[in-house]
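Listing of coords_21.cif; format and content: mmCIF, C-alpha atoms.
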data_input
#
loop_
_atom_site.group_PDB
_atom_site.id
_atom_site.type_symbol
_atom_site.label_atom_id
_atom_site.label_comp_id
_atom_site.auth_asym_id
_atom_site.auth_seq_id
_atom_site.Cartn_x
_atom_site.Cartn_y
_atom_site.Cartn_z
ATOM 1 C CA GLU A 1 -12.123 -7.410 -6.678
ATOM 2 C CA ILE A 2 -9.074 -7.094 -4.442
ATOM 3 C CA SER A 3 -7.043 -3.953 -4.814
ATOM 4 C CA LEU A 4 -5.549 -1.302 -2.563
ATOM 5 C CA GLY A 5 -7.570 1.853 -2.778
ATOM 6 C CA LEU A 6 -6.599 5.316 -3.790
ATOM 7 C CA VAL A 7 -9.471 7.767 -3.590
ATOM 8 C CA GLY A 8 -10.591 8.762 -7.058
ATOM 9 C CA SER A 9 -8.528 6.190 -8.927
ATOM 10 C CA GLU A 10 -8.736 2.597 -10.049
ATOM 11 C CA MET A 11 -7.653 1.014 -6.760
ATOM 12 C CA CYS A 12 -9.988 0.275 -3.847
ATOM 13 C CA ILE A 13 -10.580 -2.369 -1.207
ATOM 14 C CA ARG A 14 -14.246 -2.460 -0.300
ATOM 15 C CA ASP A 15 -14.419 1.337 -0.331
ATOM 16 C CA ARG A 16 -11.665 1.561 2.263
ATOM 17 C CA PRO A 17 -8.611 3.217 0.789
ATOM 18 C CA ILE A 18 -5.868 1.500 2.798
ATOM 19 C CA ILE A 19 -2.988 3.181 1.014
ATOM 20 C CA ASP A 20 -4.521 6.675 1.107
ATOM 21 C CA GLN A 21 -5.509 6.461 4.754
ATOM 22 C CA ASN A 22 -2.298 4.910 6.010
ATOM 23 C CA CYS A 23 0.486 5.881 3.594
ATOM 24 C CA GLY A 24 -0.590 8.794 1.424
ATOM 25 C CA GLY A 25 -0.143 11.435 4.087
ATOM 26 C CA CYS A 26 3.633 11.064 3.967
ATOM 27 C CA HIS A 27 4.363 9.251 0.691
ATOM 28 C CA HIS A 28 3.055 12.006 -1.535
ATOM 29 C CA PRO A 29 5.001 14.770 -3.316
ATOM 30 C CA GLN A 30 2.636 17.532 -2.165
ATOM 31 C CA THR A 31 2.693 16.631 1.541
ATOM 32 C CA LEU A 32 5.814 15.419 3.333
ATOM 33 C CA ASN A 33 7.514 14.409 0.067
ATOM 34 C CA ILE A 34 8.778 11.085 1.431
ATOM 35 C CA LEU A 35 9.908 8.452 -1.072
ATOM 36 C CA PRO A 36 8.616 6.130 -2.299
ATOM 37 C CA TYR A 37 5.535 7.934 -3.517
ATOM 38 C CA LEU A 38 2.348 5.899 -3.202
ATOM 39 C CA THR A 39 -0.086 8.135 -5.052
ATOM 40 C CA ASN A 40 -1.259 5.917 -7.917
ATOM 41 C CA TYR A 41 -1.603 2.326 -9.057
ATOM 42 C CA GLU A 42 1.718 2.215 -10.923
ATOM 43 C CA GLU A 43 3.716 3.519 -7.938
ATOM 44 C CA VAL A 44 2.100 1.088 -5.504
ATOM 45 C CA LYS A 45 2.487 -1.811 -7.944
ATOM 46 C CA PHE A 46 6.179 -0.976 -8.445
ATOM 47 C CA GLU A 47 6.806 -1.055 -4.680
ATOM 48 C CA ALA A 48 4.867 -4.326 -4.428
ATOM 49 C CA GLU A 49 6.834 -5.916 -7.268
ATOM 50 C CA ASN A 50 10.218 -5.020 -5.814
ATOM 51 C CA GLY A 51 9.213 -6.211 -2.325
ATOM 52 C CA THR A 52 9.424 -2.843 -0.599
ATOM 53 C CA LEU A 53 5.702 -2.643 0.160
ATOM 54 C CA VAL A 54 5.606 -5.996 1.934
ATOM 55 C CA SER A 55 8.913 -5.508 3.746
ATOM 56 C CA THR A 56 7.734 -2.247 5.314
ATOM 57 C CA ILE A 57 4.279 -3.324 6.513
ATOM 58 C CA PHE A 58 5.110 -6.562 8.317
ATOM 59 C CA ASP A 59 6.286 -6.744 11.923
ATOM 60 C CA GLU A 60 9.731 -8.190 11.182
ATOM 61 C CA ASN A 61 10.796 -4.848 9.741
ATOM 62 C CA PRO A 62 12.443 -2.388 12.159
ATOM 63 C CA ARG A 63 11.039 0.479 10.014
ATOM 64 C CA LEU A 64 7.472 -0.765 10.286
ATOM 65 C CA MET A 65 5.020 1.417 8.395
ATOM 66 C CA PRO A 66 3.035 3.362 9.088
ATOM 67 C CA PRO A 67 5.074 4.225 12.191
ATOM 68 C CA SER A 68 2.287 5.845 14.205
ATOM 69 C CA ASN A 69 -0.297 3.104 13.720
ATOM 70 C CA PRO A 70 0.725 -0.151 11.978
ATOM 71 C CA LEU A 71 -1.771 -1.736 9.622
ATOM 72 C CA LEU A 72 -4.324 -4.165 10.968
ATOM 73 C CA ASN A 73 -3.761 -7.851 10.212
ATOM 74 C CA LYS A 74 -6.819 -7.888 7.931
ATOM 75 C CA GLU A 75 -5.366 -4.964 5.944
ATOM 76 C CA LYS A 76 -2.030 -6.775 5.640
ATOM 77 C CA LYS A 77 -3.848 -9.891 4.443
ATOM 78 C CA LEU A 78 -5.703 -7.882 1.789
ATOM 79 C CA ILE A 79 -2.470 -6.349 0.551
ATOM 80 C CA THR A 80 -0.825 -9.782 0.469
ATOM 81 C CA LYS A 81 -3.791 -11.196 -1.440
ATOM 82 C CA TRP A 82 -3.639 -8.308 -3.924
ATOM 83 C CA ILE A 83 0.060 -9.035 -4.500
ATOM 84 C CA ASN A 84 -0.525 -12.803 -4.803
ATOM 85 C CA LEU A 85 -3.196 -12.118 -7.431
ATOM 86 C CA TYR A 86 -0.611 -10.104 -9.411
ATOM 87 C CA TYR A 87 -1.875 -6.598 -8.680
ATOM 88 C CA PRO A 88 -5.410 -6.471 -10.114
ATOM 89 C CA LYS A 89 -6.805 -3.001 -10.782
#

Please lay out the structure from this file as structure tokens.
Amino acid sequence: EISLGLVGSEMCIRDRPIIDQNCGGCHHPQTLNILPYLTNYEEVKFEAENGTLVSTIFDENPRLMPPSNPLLNKEKKLITKWINLYYPK
């Protein structure tokens, strides 16, 4: 199963919650309250469908995310695979 990982929900990549560890600290209403929120499957899927997720994690973007420590290539590949498989849970 390829999915993105949110601790305690339906999304996980090999027990490594990529979204929680790299995005959830800021993109969460109870922390820094930065939009878009990436706290559940539907929110992450929405950002993937509209292209925002991909456009902010790849190097061509001047607002590369996460800003302090960009995702590893293998993490980017897993996210791309998840999107190409049409967002499996």

Q) Near Val44 (chain A), within 12 Å and counting only C-alpha atoms, which residues show up once chain neighbours fewer than 3 positions away are dropped, as a PyMOL selection string? A) chain A and resi 3-6+10-11+18-20+23-24+27-28+35-41+47-54+79+82-83+87-89

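Pairwise distance (CA of Phe46 (chain A), CA of Pro66 (chain A)) equals 18.3 Å.
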
Q: Could you jot down the CA of Lys74 (chain A) to CA of Thr31 (chain A) separation for me, Å, one decimal place?
A: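 Between CA of Lys74 (chain A) and CA of Thr31 (chain A) the gap is 27.1 Å.
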
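Closest to Lys76 (chain A) among A:Glu42, A:Asn22, A:Leu32, A:Ile57 is A:Ile57, based on all atoms listed in the file.
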
Q. CA of Leu85 (chain A) and CA of Leu64 (chain A) are how many Å apart?
A.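 Rounded to one decimal, the two atoms are 23.6 Å apart.
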
Is it possible to get the axis-aligned box enclosing region 41-46 of chain A (all listed atoms, 6 Å extra per side) as AutoDock Vina command-line options, with centre and edge lengths in Å rounded to one decimal?
--center_x 2.3 --center_y 0.9 --center_z -8.2 --size_x 19.8 --size_y 17.3 --size_z 17.4

Q. Of the residues A:Glu43, A:Asn33, A:Thr80, A:Asn73, which is the one nearest to Ser55 (chain A), using only C-alpha atoms?
A.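 The shortest atom-to-atom distance to Ser55 (chain A) comes from A:Thr80.
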
Q) Of the candidates A:Lys45, A:Pro17, A:Leu71, A:Ile34, which shows the shortest atom-to-atom distance to Asn84 (chain A), using only C-alpha atoms? A)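 Using only C-alpha atoms, Asn84 (chain A) sits closest to A:Lys45.
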